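Q: What follows is the file query-v4.cif, containing mmCIF, N, CA and C atoms:
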```cif
data_input
loop_
_atom_site.group_PDB
_atom_site.id
_atom_site.type_symbol
_atom_site.label_atom_id
_atom_site.label_comp_id
_atom_site.auth_asym_id
_atom_site.auth_seq_id
_atom_site.Cartn_x
_atom_site.Cartn_y
_atom_site.Cartn_z
ATOM 1 N N MET A 23 -15.000 5.944 -16.032
ATOM 2 C CA MET A 23 -13.869 6.288 -15.196
ATOM 3 C C MET A 23 -14.405 6.895 -13.905
ATOM 4 N N GLN A 24 -14.155 6.247 -12.807
ATOM 5 C CA GLN A 24 -14.646 6.720 -11.526
ATOM 6 C C GLN A 24 -13.613 7.583 -10.813
ATOM 7 N N ASN A 25 -12.395 7.097 -10.698
ATOM 8 C CA ASN A 25 -11.358 7.802 -9.977
ATOM 9 C C ASN A 25 -10.041 7.530 -10.692
ATOM 10 N N GLY A 26 -9.504 8.536 -11.335
ATOM 11 C CA GLY A 26 -8.302 8.378 -12.142
ATOM 12 C C GLY A 26 -7.115 7.870 -11.362
ATOM 13 N N TYR A 27 -6.967 8.309 -10.103
ATOM 14 C CA TYR A 27 -5.835 7.869 -9.289
ATOM 15 C C TYR A 27 -5.924 6.380 -8.975
ATOM 16 N N VAL A 28 -7.108 5.931 -8.610
ATOM 17 C CA VAL A 28 -7.293 4.517 -8.280
ATOM 18 C C VAL A 28 -7.128 3.659 -9.529
ATOM 19 N N GLU A 29 -7.689 4.108 -10.632
ATOM 20 C CA GLU A 29 -7.565 3.341 -11.864
ATOM 21 C C GLU A 29 -6.120 3.286 -12.340
ATOM 22 N N SER A 30 -5.376 4.351 -12.146
ATOM 23 C CA SER A 30 -3.962 4.359 -12.503
ATOM 24 C C SER A 30 -3.191 3.367 -11.640
ATOM 25 N N PHE A 31 -3.445 3.384 -10.325
ATOM 26 C CA PHE A 31 -2.786 2.445 -9.413
ATOM 27 C C PHE A 31 -3.131 1.008 -9.789
ATOM 28 N N ASN A 32 -4.408 0.739 -10.020
ATOM 29 C CA ASN A 32 -4.826 -0.624 -10.372
ATOM 30 C C ASN A 32 -4.158 -1.089 -11.665
ATOM 31 N N GLY A 33 -4.049 -0.194 -12.645
ATOM 32 C CA GLY A 33 -3.392 -0.543 -13.907
ATOM 33 C C GLY A 33 -1.922 -0.855 -13.714
ATOM 34 N N ARG A 34 -1.237 -0.050 -12.901
ATOM 35 C CA ARG A 34 0.184 -0.298 -12.633
ATOM 36 C C ARG A 34 0.369 -1.634 -11.909
ATOM 37 N N MET A 35 -0.472 -1.869 -10.919
ATOM 38 C CA MET A 35 -0.350 -3.118 -10.160
ATOM 39 C C MET A 35 -0.582 -4.321 -11.074
ATOM 40 N N ARG A 36 -1.571 -4.219 -11.933
ATOM 41 C CA ARG A 36 -1.849 -5.329 -12.845
ATOM 42 C C ARG A 36 -0.687 -5.528 -13.803
ATOM 43 N N ASP A 37 -0.192 -4.434 -14.421
ATOM 44 C CA ASP A 37 0.884 -4.547 -15.402
ATOM 45 C C ASP A 37 2.198 -5.009 -14.782
ATOM 46 N N GLU A 38 2.537 -4.485 -13.622
ATOM 47 C CA GLU A 38 3.846 -4.737 -13.031
ATOM 48 C C GLU A 38 3.900 -5.954 -12.123
ATOM 49 N N LEU A 39 2.770 -6.389 -11.608
ATOM 50 C CA LEU A 39 2.794 -7.488 -10.649
ATOM 51 C C LEU A 39 1.888 -8.640 -11.057
ATOM 52 N N LEU A 40 0.627 -8.366 -11.198
ATOM 53 C CA LEU A 40 -0.336 -9.455 -11.386
ATOM 54 C C LEU A 40 -0.158 -10.177 -12.715
ATOM 55 N N ASN A 41 0.158 -9.442 -13.788
ATOM 56 C CA ASN A 41 0.356 -10.087 -15.091
ATOM 57 C C ASN A 41 1.721 -10.761 -15.203
ATOM 58 N N GLU A 42 2.629 -10.435 -14.303
ATOM 59 C CA GLU A 42 4.003 -10.927 -14.381
ATOM 60 C C GLU A 42 4.306 -12.070 -13.418
ATOM 61 N N THR A 43 3.436 -12.326 -12.458
ATOM 62 C CA THR A 43 3.752 -13.261 -11.381
ATOM 63 C C THR A 43 2.788 -14.440 -11.383
ATOM 64 N N LEU A 44 3.342 -15.625 -11.272
ATOM 65 C CA LEU A 44 2.535 -16.818 -11.103
ATOM 66 C C LEU A 44 2.548 -17.145 -9.613
ATOM 67 N N PHE A 45 1.433 -16.949 -8.968
ATOM 68 C CA PHE A 45 1.332 -17.188 -7.530
ATOM 69 C C PHE A 45 1.131 -18.676 -7.283
ATOM 70 N N MET A 46 1.940 -19.220 -6.395
ATOM 71 C CA MET A 46 1.883 -20.653 -6.109
ATOM 72 C C MET A 46 0.921 -20.984 -4.970
ATOM 73 N N SER A 47 0.636 -19.996 -4.135
ATOM 74 C CA SER A 47 -0.289 -20.209 -3.022
ATOM 75 C C SER A 47 -0.795 -18.843 -2.568
ATOM 76 N N LEU A 48 -1.771 -18.869 -1.704
ATOM 77 C CA LEU A 48 -2.293 -17.622 -1.161
ATOM 78 C C LEU A 48 -1.232 -16.916 -0.322
ATOM 79 N N ALA A 49 -0.440 -17.671 0.416
ATOM 80 C CA ALA A 49 0.640 -17.082 1.218
ATOM 81 C C ALA A 49 1.679 -16.423 0.313
ATOM 82 N N HIS A 50 2.030 -17.075 -0.785
ATOM 83 C CA HIS A 50 2.977 -16.503 -1.745
ATOM 84 C C HIS A 50 2.422 -15.206 -2.330
ATOM 85 N N GLU A 51 1.150 -15.206 -2.653
ATOM 86 C CA GLU A 51 0.496 -14.010 -3.198
ATOM 87 C C GLU A 51 0.566 -12.861 -2.203
ATOM 88 N N ARG A 52 0.299 -13.141 -0.936
ATOM 89 C CA ARG A 52 0.339 -12.091 0.085
ATOM 90 C C ARG A 52 1.734 -11.499 0.238
ATOM 91 N N VAL A 53 2.748 -12.352 0.214
ATOM 92 C CA VAL A 53 4.130 -11.890 0.349
ATOM 93 C C VAL A 53 4.515 -11.020 -0.847
ATOM 94 N N GLU A 54 4.206 -11.471 -2.045
ATOM 95 C CA GLU A 54 4.574 -10.728 -3.259
ATOM 96 C C GLU A 54 3.853 -9.381 -3.329
ATOM 97 N N ILE A 55 2.578 -9.358 -3.013
ATOM 98 C CA ILE A 55 1.829 -8.097 -3.054
ATOM 99 C C ILE A 55 2.336 -7.144 -1.982
ATOM 100 N N ALA A 56 2.610 -7.653 -0.790
ATOM 101 C CA ALA A 56 3.141 -6.795 0.277
ATOM 102 C C ALA A 56 4.482 -6.190 -0.122
ATOM 103 N N ALA A 57 5.337 -6.973 -0.768
ATOM 104 C CA ALA A 57 6.642 -6.471 -1.211
ATOM 105 C C ALA A 57 6.466 -5.412 -2.292
ATOM 106 N N TRP A 58 5.540 -5.631 -3.224
ATOM 107 C CA TRP A 58 5.295 -4.662 -4.292
ATOM 108 C C TRP A 58 4.747 -3.358 -3.717
ATOM 109 N N VAL A 59 3.802 -3.445 -2.792
ATOM 110 C CA VAL A 59 3.224 -2.247 -2.170
ATOM 111 C C VAL A 59 4.293 -1.496 -1.383
ATOM 112 N N GLU A 60 5.137 -2.210 -0.671
ATOM 113 C CA GLU A 60 6.229 -1.591 0.081
ATOM 114 C C GLU A 60 7.145 -0.813 -0.867
ATOM 115 N N ASP A 61 7.516 -1.435 -1.977
ATOM 116 C CA ASP A 61 8.361 -0.763 -2.961
ATOM 117 C C ASP A 61 7.636 0.446 -3.547
ATOM 118 N N TYR A 62 6.372 0.283 -3.890
ATOM 119 C CA TYR A 62 5.584 1.363 -4.500
ATOM 120 C C TYR A 62 5.487 2.570 -3.568
ATOM 121 N N ASN A 63 5.327 2.332 -2.274
ATOM 122 C CA ASN A 63 5.149 3.427 -1.324
ATOM 123 C C ASN A 63 6.449 3.982 -0.759
ATOM 124 N N ARG A 64 7.476 3.163 -0.597
ATOM 125 C CA ARG A 64 8.686 3.591 0.109
ATOM 126 C C ARG A 64 9.895 3.847 -0.778
ATOM 127 N N GLU A 65 9.968 3.218 -1.937
ATOM 128 C CA GLU A 65 11.165 3.325 -2.764
ATOM 129 C C GLU A 65 10.948 4.071 -4.077
ATOM 130 N N ARG A 66 9.832 3.853 -4.709
ATOM 131 C CA ARG A 66 9.601 4.353 -6.054
ATOM 132 C C ARG A 66 9.272 5.839 -6.069
ATOM 133 N N PRO A 67 9.991 6.625 -6.890
ATOM 134 C CA PRO A 67 9.637 8.041 -7.011
ATOM 135 C C PRO A 67 8.376 8.205 -7.860
ATOM 136 N N HIS A 68 7.530 9.125 -7.455
ATOM 137 C CA HIS A 68 6.284 9.413 -8.169
ATOM 138 C C HIS A 68 6.361 10.825 -8.742
ATOM 139 N N SER A 69 6.116 10.960 -10.020
ATOM 140 C CA SER A 69 6.236 12.270 -10.661
ATOM 141 C C SER A 69 5.250 13.276 -10.076
ATOM 142 N N SER A 70 4.078 12.815 -9.674
ATOM 143 C CA SER A 70 3.081 13.730 -9.116
ATOM 144 C C SER A 70 3.465 14.245 -7.735
ATOM 145 N N LEU A 71 4.470 13.622 -7.109
ATOM 146 C CA LEU A 71 4.931 14.037 -5.777
ATOM 147 C C LEU A 71 6.314 14.668 -5.858
ATOM 148 N N GLY A 72 6.632 15.234 -7.002
ATOM 149 C CA GLY A 72 7.935 15.858 -7.171
ATOM 150 C C GLY A 72 9.057 14.849 -7.202
ATOM 151 N N PHE A 73 8.786 13.673 -7.721
ATOM 152 C CA PHE A 73 9.741 12.564 -7.817
ATOM 153 C C PHE A 73 10.252 12.119 -6.452
ATOM 154 N N ASN A 74 9.373 12.186 -5.456
ATOM 155 C CA ASN A 74 9.643 11.635 -4.121
ATOM 156 C C ASN A 74 8.855 10.346 -3.956
ATOM 157 N N ALA A 75 9.307 9.498 -3.055
ATOM 158 C CA ALA A 75 8.531 8.310 -2.704
ATOM 159 C C ALA A 75 7.321 8.760 -1.881
ATOM 160 N N ALA A 76 6.243 8.015 -1.950
ATOM 161 C CA ALA A 76 5.008 8.403 -1.260
ATOM 162 C C ALA A 76 5.209 8.524 0.247
ATOM 163 N N ALA A 77 5.934 7.584 0.848
ATOM 164 C CA ALA A 77 6.139 7.620 2.301
ATOM 165 C C ALA A 77 6.965 8.842 2.706
ATOM 166 N N ALA A 78 7.994 9.164 1.932
ATOM 167 C CA ALA A 78 8.822 10.332 2.245
ATOM 168 C C ALA A 78 8.022 11.618 2.074
ATOM 169 N N PHE A 79 7.199 11.665 1.040
ATOM 170 C CA PHE A 79 6.357 12.842 0.812
ATOM 171 C C PHE A 79 5.367 13.020 1.968
ATOM 172 N N ALA A 80 4.751 11.929 2.405
ATOM 173 C CA ALA A 80 3.782 11.995 3.508
ATOM 174 C C ALA A 80 4.463 12.420 4.805
ATOM 175 N N ALA A 81 5.668 11.917 5.057
ATOM 176 C CA ALA A 81 6.395 12.295 6.272
ATOM 177 C C ALA A 81 6.739 13.779 6.256
ATOM 178 N N GLU A 82 7.151 14.275 5.109
ATOM 179 C CA GLU A 82 7.489 15.696 4.980
ATOM 180 C C GLU A 82 6.233 16.550 5.129
ATOM 181 N N LEU A 83 5.141 16.106 4.573
ATOM 182 C CA LEU A 83 3.875 16.832 4.683
ATOM 183 C C LEU A 83 3.397 16.868 6.131
ATOM 184 N N ASP A 84 3.584 15.759 6.844
ATOM 185 C CA ASP A 84 3.179 15.681 8.248
ATOM 186 C C ASP A 84 3.964 16.678 9.103
ATOM 187 N N LYS A 85 5.235 16.885 8.777
ATOM 188 C CA LYS A 85 6.055 17.835 9.536
ATOM 189 C C LYS A 85 5.569 19.273 9.388
ATOM 190 N N GLN A 86 4.887 19.576 8.289
ATOM 191 C CA GLN A 86 4.447 20.936 8.023
ATOM 192 C C GLN A 86 3.229 21.334 8.851
ATOM 193 N N TRP A 87 2.491 20.353 9.368
ATOM 194 C CA TRP A 87 1.315 20.645 10.180
ATOM 195 C C TRP A 87 1.758 21.087 11.567
ATOM 196 N N PRO A 88 1.122 22.105 12.130
ATOM 197 C CA PRO A 88 1.378 22.404 13.544
ATOM 198 C C PRO A 88 0.929 21.209 14.391
ATOM 199 N N ALA A 89 1.623 20.949 15.473
ATOM 200 C CA ALA A 89 1.324 19.777 16.304
ATOM 201 C C ALA A 89 -0.136 19.729 16.727
ATOM 202 N N SER A 90 -0.727 20.888 17.010
ATOM 203 C CA SER A 90 -2.115 20.906 17.473
ATOM 204 C C SER A 90 -3.101 20.554 16.365
ATOM 205 N N LEU A 91 -2.694 20.661 15.104
ATOM 206 C CA LEU A 91 -3.611 20.397 13.989
ATOM 207 C C LEU A 91 -3.337 19.075 13.286
ATOM 208 N N ARG A 92 -2.326 18.323 13.720
ATOM 209 C CA ARG A 92 -1.995 17.064 13.053
ATOM 210 C C ARG A 92 -3.134 16.069 13.201
ATOM 211 N N PRO A 93 -3.535 15.476 12.080
ATOM 212 C CA PRO A 93 -4.579 14.450 12.181
ATOM 213 C C PRO A 93 -4.052 13.243 12.945
ATOM 214 N N THR A 94 -4.806 12.771 13.904
ATOM 215 C CA THR A 94 -4.355 11.654 14.718
ATOM 216 C C THR A 94 -5.214 10.408 14.521
ATOM 217 N N GLY A 95 -6.440 10.554 14.141
ATOM 218 C CA GLY A 95 -7.326 9.408 14.013
ATOM 219 C C GLY A 95 -7.862 9.001 15.371
ATOM 220 N N SER A 96 -8.903 8.214 15.379
ATOM 221 C CA SER A 96 -9.534 7.847 16.641
ATOM 222 C C SER A 96 -9.048 6.503 17.173
ATOM 223 N N ALA A 97 -8.485 5.662 16.323
ATOM 224 C CA ALA A 97 -8.022 4.350 16.768
ATOM 225 C C ALA A 97 -6.565 4.443 17.206
ATOM 226 N N THR A 98 -6.262 3.930 18.386
ATOM 227 C CA THR A 98 -4.885 3.967 18.870
ATOM 228 C C THR A 98 -4.052 2.836 18.291
ATOM 229 N N GLN A 99 -4.696 1.826 17.755
ATOM 230 C CA GLN A 99 -3.999 0.698 17.139
ATOM 231 C C GLN A 99 -4.826 0.219 15.955
ATOM 232 N N PRO A 100 -4.243 -0.598 15.088
ATOM 233 C CA PRO A 100 -5.014 -1.099 13.960
ATOM 234 C C PRO A 100 -6.272 -1.828 14.435
ATOM 235 N N ILE A 101 -7.331 -1.670 13.684
ATOM 236 C CA ILE A 101 -8.597 -2.285 14.057
ATOM 237 C C ILE A 101 -8.534 -3.797 13.897
ATOM 238 N N ALA A 102 -7.882 -4.263 12.827
ATOM 239 C CA ALA A 102 -7.784 -5.706 12.591
ATOM 240 C C ALA A 102 -6.340 -6.060 12.284
ATOM 241 N N SER A 103 -5.923 -7.161 12.777
ATOM 242 C CA SER A 103 -4.576 -7.650 12.512
ATOM 243 C C SER A 103 -4.660 -8.738 11.459
ATOM 244 N N THR A 104 -3.930 -8.578 10.374
ATOM 245 C CA THR A 104 -3.990 -9.580 9.313
ATOM 246 C C THR A 104 -3.453 -10.919 9.793
ATOM 247 N N ALA A 105 -2.473 -10.906 10.686
ATOM 248 C CA ALA A 105 -1.934 -12.169 11.191
ATOM 249 C C ALA A 105 -3.002 -12.943 11.957
ATOM 250 N N LEU A 106 -3.780 -12.236 12.765
ATOM 251 C CA LEU A 106 -4.844 -12.903 13.511
ATOM 252 C C LEU A 106 -5.917 -13.432 12.585
ATOM 253 N N ILE A 107 -6.233 -12.680 11.542
ATOM 254 C CA ILE A 107 -7.253 -13.128 10.594
ATOM 255 C C ILE A 107 -6.769 -14.387 9.881
ATOM 256 N N ARG A 108 -5.497 -14.409 9.477
ATOM 257 C CA ARG A 108 -4.965 -15.595 8.805
ATOM 258 C C ARG A 108 -5.010 -16.801 9.726
ATOM 259 N N LYS A 109 -4.669 -16.625 11.001
ATOM 260 C CA LYS A 109 -4.703 -17.737 11.938
ATOM 261 C C LYS A 109 -6.122 -18.261 12.111
ATOM 262 N N MET A 110 -7.076 -17.334 12.133
ATOM 263 C CA MET A 110 -8.463 -17.735 12.313
ATOM 264 C C MET A 110 -8.920 -18.600 11.137
ATOM 265 N N TYR A 111 -8.584 -18.169 9.886
ATOM 266 C CA TYR A 111 -9.002 -18.925 8.721
ATOM 267 C C TYR A 111 -8.240 -20.236 8.591
ATOM 268 N N ALA A 112 -7.038 -20.298 9.113
ATOM 269 C CA ALA A 112 -6.254 -21.532 9.060
ATOM 270 C C ALA A 112 -6.928 -22.634 9.886
ATOM 271 N N ARG A 113 -7.626 -22.226 10.954
ATOM 272 C CA ARG A 113 -8.296 -23.216 11.808
ATOM 273 C C ARG A 113 -9.585 -23.743 11.178
ATOM 274 N N LEU A 114 -10.164 -22.997 10.245
ATOM 275 C CA LEU A 114 -11.442 -23.411 9.655
ATOM 276 C C LEU A 114 -11.323 -24.553 8.710
#
```
What's the structure tokens form of this structure?
A:
Amino acid sequence: MQNGYVESFNGRMRDELLNETLFMSLAHERVEIAAWVEDYNRERPHSSLGFNAAAAFAAELDKQWPASLRPTGSATQPIASTALIRKMYARL
């Protein structure tokens, strides 16, 4: 056991999505996984977060930081765009 949180997430994803879904194509797989992740982060209550959704918990936690101490990160935009990567591989 390396990381209990990651192993728990991987187990849930396998049980709730991967074992239950027959993917017809890579595009179908991407859509289904994105929808599952969206639900997992934005809709589903997590007991470890006081039965809040992860996104709501993170937003509330972010409000508690003083503006001068809020983590901002160094990248102003995503480093890689998945849409661009898909287009690149489509041409190959």
Q: What does the distance between CA of Asp61 in chain A and atom N of Asp37 in chain A come to in Å, to one decimal place?
A: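 Between CA of Asp61 in chain A and atom N of Asp37 in chain A the gap is 14.8 Å.
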Q: Rounded to one decimal, what separation in Å do you get between CA of Met35 in chain A and CA of Val59 in chain A?
A: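 Distance between the two atoms: 8.8 Å.
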Q: Which residue is closest to Tyr62 in chain A? Choose from A:Lys85, A:His50, A:Leu44, A:Ala75 and count all atoms listed in the file.
A: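 Of all the options, A:Ala75 lies closest to Tyr62 in chain A.
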Q: One number please: atom N of Thr43 in chain A to CA of Ile55 in chain A, in Å, one decimal.
A: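 Computing the Euclidean distance for atom N of Thr43 in chain A and CA of Ile55 in chain A yields 10.4 Å.
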Q: For Glu38 in chain A, which residue out of A:Arg52, A:Trp58, A:Pro88, A:Arg64 is the nearest one, using only C-alpha atoms?
A: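 Counting only C-alpha atoms, the residue closest to Glu38 in chain A is A:Trp58.
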Q: Report as JSON the centre and the edge lengths, in Å to one decimal, of the axis-aligned box holding every listed atom of range 75-90 of chain A, padded by 6 Å on each side.
A:
```
{"center_x": 3.1, "center_y": 15.0, "center_z": 7.2, "size_x": 24.4, "size_y": 26.8, "size_z": 32.5}
```
Q: Taking the file as shown, find all residues satisfying the PyMOL selection byres ((chain A and resi 77) around 8) and write them as a list of chain:residue names.
A: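 In the shown coordinates, the PyMOL selection byres ((chain A and resi 77) around 8) covers A:Tyr62, A:Asn63, A:Arg64, A:Glu65, A:Arg66, A:Asn74, A:Ala75, A:Ala76, A:Ala78, A:Phe79, A:Ala80, A:Ala81, A:Glu82, A:Leu83.
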